[in-house]
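Reviewing the structure listed below.
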Amino acid sequence: MAIRLFDSLTRDYRILGQREPGAPPISQEHPFTFYTCGPTVYAPAHIGNFRTFLVNDVLRRLLELEFGKDRVKHVRNLTDVDDRTIGQAKREHRPLSEITRHWTELFHRDCDALNLLRPHVEPTATSHIREQVDMIEVLMRKGNAYRAPDGSVYFKIGSFPEYGALSRIRERELKVTITVADDDHKDDVGDFALWKAYKPEEDGDVQWPGPTGAAAGRPGWHIECSAMSKKHLGNTIDLHSGGVDLLFPHHENEIAQSQCCNGTTFSRHWYHSEFLLVDGKKMSKSLGNLYTLDDLKAKGFSPMAIRYALLSGHPRKQLNFTLESLHAAESAIATLSLDRARMTTFTKDAPASLSSRFDPVLASLRDDLNSPAALGALFIATKAGPTKPGDLSAFDRALFALGLDLSASPIQISAPAEICALAERRWTAKKAKDYAAADALRKELAAAGWSMLDGKDGYKLEPVKK
Ligand SMILES: [Zn+2]
């Protein structure tokens with residue numbers, strides 16, 4: 001009963017939650033710490049973004065089941081100042097904070113519709129300027145960062161020999177990957193901005209006092225995650241996750257900043273989910289295949305079906321998203337809703353009772369977050385014979401792990417009390433071998449539009465298909 005997860009840094013499967021000797025074990029005081037890179041709030045998030053957030057959400061749910069709800073601390077940041085947010089504010093002639101507040105609200109609305117658990121802390125870059133400046137000053141003092149002629153501050157990658165360990169990028173490749181186009185103040189092309197000096201023609205009214213010795217301006221993008229994870233989760237975190245597109249340079253830079261500043265391991269485990277393709281192609285505005293949640297809702301799809309479809313591929317493999325896959329997901333959700341509704345008509349579990357019926361679902365998730373296998377196991381389990389006590393609770397636990405909220409589904413069947421009473425009488429008659437009475441009651445039920453499916457230890461009530 002442990003979560004085995006691929007680690008992008010060591011390129012191996014490792015058990016989550018194992019800490020080095022001397023580190024306190026996971027407890028309420030020292031919870032499992034989990035950091036996820038969040039969205040940049042300047043436009044609607046698309047389903048490729050949401051695939052990453054959904055994978056992280058399943059991970060979060062699994063961690064809660066594994067270590068306890070109160071022993072997990074999840075932080076996901078909001079990037080509310082960078083070139084894109086400032087650019088959007090300028091285009092719309094509105095203050096930056098107004099733009100980012102608007103898109104944050106819409107992001108939250110979409111997250112709620114997709115049943116994503118809210119992170120425990122959702123820090124914003126603009127409310128952590130002090131923390132970022134402090135970190136940059138430490139890096140400057142230690143010789144890992146330098147001031148450029150224009151007053152910007154850069155991280156000196158030559159000062160950190162382990163640079164490139166996560167992405168395995170070599171120096172030669174680095175020079176090809178990063179062009180000098182964005183800046184000509186750097187000592188080395190691989191160096192990246194920690195602090196960007198204010199440029200009146202680009203930055204409008206967005207600026208803060210800089211680190212000692214630097215110009216006024218704004219933080220570079222990478223430093224916010226290092227500063228916010230340090231503030232809210234400490235110097236060493238248990239797990240850092242994000243989309244594979246963030247692996248280089250963002251996560252590589254986070255490691256460099258944090259480890260040089262704090263002098264210790266930044267994250268014990270790194271997890272990256274793969275790209276989403278739409279109709280076999282990379283998403284892009286020009287191809288018209290860049291769907292937002294609103295686009296798909298307008299086509300009549302439910303958020304739960306979208307969630308299901310996005311979990312139907314292995315998180316570490318590219319997933320091809322199509323509208324056909326959404327139709328299939330919609331009917332899968334309807335089937336599961338029906339199964340659950342039937343289960344509830346004749347079993348009332350004590351909240352703590354759990355059968356082992358749905359254990360394969362959780363076992364699949366614990367094995368490198370294999371969500372397609374978990375969904376398959378979910379269907380097999382619902383078909384595995386008559387329901388026994390503890391099955392409904394186990395079903396609900398499996399649904400929780402996958403984040404499938406079936407109450408949102410339009411299909412609701414619950415038999416009225418008088419139908420349940422008739423069914424009980426028929427079941428009792430059948431058990432007493434009073435077949436005449438049982439038959440009469442069956443006819444009575446059929447006339448009322450209900451049929452009973454008998455199992456060995458119980459029965460299911462379902463509406464007669466018209
Ligand atoms: Zn980040």
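Residues are referred to by chain and number: the chain letter is A, B, ... according to the order shown in the structure tokens, the number counts from 1 in that chain, and ligands are numbered separately from 1 in the order shown.
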
Contacts of stretch 119-133 of chain A at 7 Å (only C-alpha atoms; same-chain gap of 5+ positions) as a list in words: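 Everything that qualifies: Lys73, His74, Val75, Arg76, Asn77, Leu78, Thr79, Asp80, Val81, Gly210, Pro211, Ile223, Glu224, Ala227 and Met228 of chain A.
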
I need the residues from that last selection saved to file as a PDB file, in the first residue's frame (with C-alpha atoms), if you can.
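To be explicit, this is the file written out as part-v1.pdb:
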```pdb
ATOM      1  CA  LYS A  73      -0.267  20.275   2.160  1.00  0.00           C
ATOM      2  CA  HIS A  74      -0.783  21.308  -1.444  1.00  0.00           C
ATOM      3  CA  VAL A  75       0.329  24.635  -2.892  1.00  0.00           C
ATOM      4  CA  ARG A  76      -0.463  25.791  -6.428  1.00  0.00           C
ATOM      5  CA  ASN A  77       0.582  29.294  -7.436  1.00  0.00           C
ATOM      6  CA  LEU A  78      -1.035  31.881  -9.672  1.00  0.00           C
ATOM      7  CA  THR A  79       1.293  33.771 -11.999  1.00  0.00           C
ATOM      8  CA  ASP A  80      -0.185  37.258 -11.988  1.00  0.00           C
ATOM      9  CA  VAL A  81       2.749  39.266 -13.282  1.00  0.00           C
ATOM     10  CA  GLY A 210      14.338  45.919  -6.568  1.00  0.00           C
ATOM     11  CA  PRO A 211      16.900  43.898  -4.619  1.00  0.00           C
ATOM     12  CA  ILE A 223      11.845  32.870  -9.003  1.00  0.00           C
ATOM     13  CA  GLU A 224       8.195  33.022  -7.862  1.00  0.00           C
ATOM     14  CA  ALA A 227      10.100  31.794  -3.226  1.00  0.00           C
ATOM     15  CA  MET A 228       6.500  30.681  -2.702  1.00  0.00           C
TER      16      MET A 228
END
```

Which residues come within 9 Å of A:Asp70, counting only C-alpha atoms, excluding same-chain residues fewer than 2 positions away, as a PyMOL selection string? chain A and resi 27-28+31+64+67-68+72-73

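Around ligand 1, the neighbouring residues within 8 Å, taking only C-alpha atoms and all ligand atoms, come to Thr36, Cys37, Gly38, Asn77, His222, Glu224, Cys225, Ser226, Gly242, Leu246, His250, His251 and Glu254 of chain A.
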
Can you pull out the residues contacting stretch 42-51 of chain A? Cut-off 6 Å, using only C-alpha atoms, and skip same-chain residues under 2 positions away; I want them as a VMD selection string. chain A and resid 53 to 54 85 100 103 276 291 to 292 310

I want to know what sits within 7 Å of A:Ile157, based on only C-alpha atoms, with residues of the same chain fewer than 5 positions away left out; could you give that as JSON, numbers by chain? {"A": [163, 190, 191]}

Please provide the set of residues having any atom within 12 Å of A:Ala148, restricted to only C-alpha atoms, with same-chain residues fewer than 2 positions apart removed, written as number ranges by chain. A: 140, 145-146, 150-156, 183-188, 191-197, 213-215

Tell me, counting only C-alpha atoms, for each residue of stretch 234-262 of chain A within 10 Å of stretch 10-20 of chain A, which pair of atoms is nearest and how far apart they are in Å to one decimal, in rows ordered by chain and increasing number, as CSV.
```
residue,atom,partner,partner_atom,distance
A:Ile237,CA,A:Arg19,CA,9.9
A:Asp238,CA,A:Gly17,CA,6.5
A:Leu239,CA,A:Leu16,CA,8.0
```

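Of all the residues in stretch 268-311 of chain A, the ones DSSP labels as helix (DSSP H, G or I) from the backbone are Leu293, Asp294, Asp295, Leu296, Lys297, Ala298, Pro303, Met304, Ala305, Ile306, Arg307, Tyr308, Ala309 and Leu310 of chain A.
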
Which residues are near A:Ala329? Cut-off 9 Å, only C-alpha atoms, ignore same chain within fewer than 2 positions. Put them as a ChimeraX atom specification. /A:304-309,312,324-327,331-334

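Atom pair atom CA of A:Glu274 / atom CA of A:Tyr35 has a distance of 17.5 Å (rounded to one decimal).
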
A:Gln207 environment, 10 Å, only C-alpha atoms, sequence neighbours closer than 5 positions dropped, as a PyMOL selection string: chain A and resi 196-200+215-219

Set out as a Markdown table a contact list for stretch 202-319 of chain A and stretch 352-376 of chain A with a cut-off of 7 Å, giving each residue of stretch 202-319 of chain A that qualifies its closest atom pair and distance in Å to one decimal, counting only C-alpha atoms, ordered by chain and rising residue number.
```
| residue | atom | partner | partner_atom | distance |
| --- | --- | --- | --- | --- |
| A:Leu311 | CA | A:Ser371 | CA | 5.8 |
| A:Ser312 | CA | A:Pro372 | CA | 4.7 |
| A:Gly313 | CA | A:Pro372 | CA | 5.5 |
| A:His314 | CA | A:Asn370 | CA | 5.7 |
```

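Take atom CA of A:Thr387 and atom CA of A:Pro303: the distance between them is 28.5 Å.
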
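Between atom CA of A:Ala398 and atom CA of A:Leu378 there is a distance of 7.6 Å.
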
Selected residue of minimal separation from A:Phe301 among A:Arg316, A:Ala446, A:Lys348, A:Ala113, counting only C-alpha atoms: A:Ala113

Check the smallest atom-to-atom distance from each of A:Thr345, A:Asp245, A:Ile3, A:Arg340 to A:Ser407 using only C-alpha atoms, then report the winner.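 Under the stated criterion, the closest residue is A:Arg340.
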
As a PyMOL selection string, please: every residue in stretch 165-336 of chain A that DSSP puts in strand (DSSP E). chain A and resi 192-197+217-219+239-243+270-273+276-278+281-282+319-321
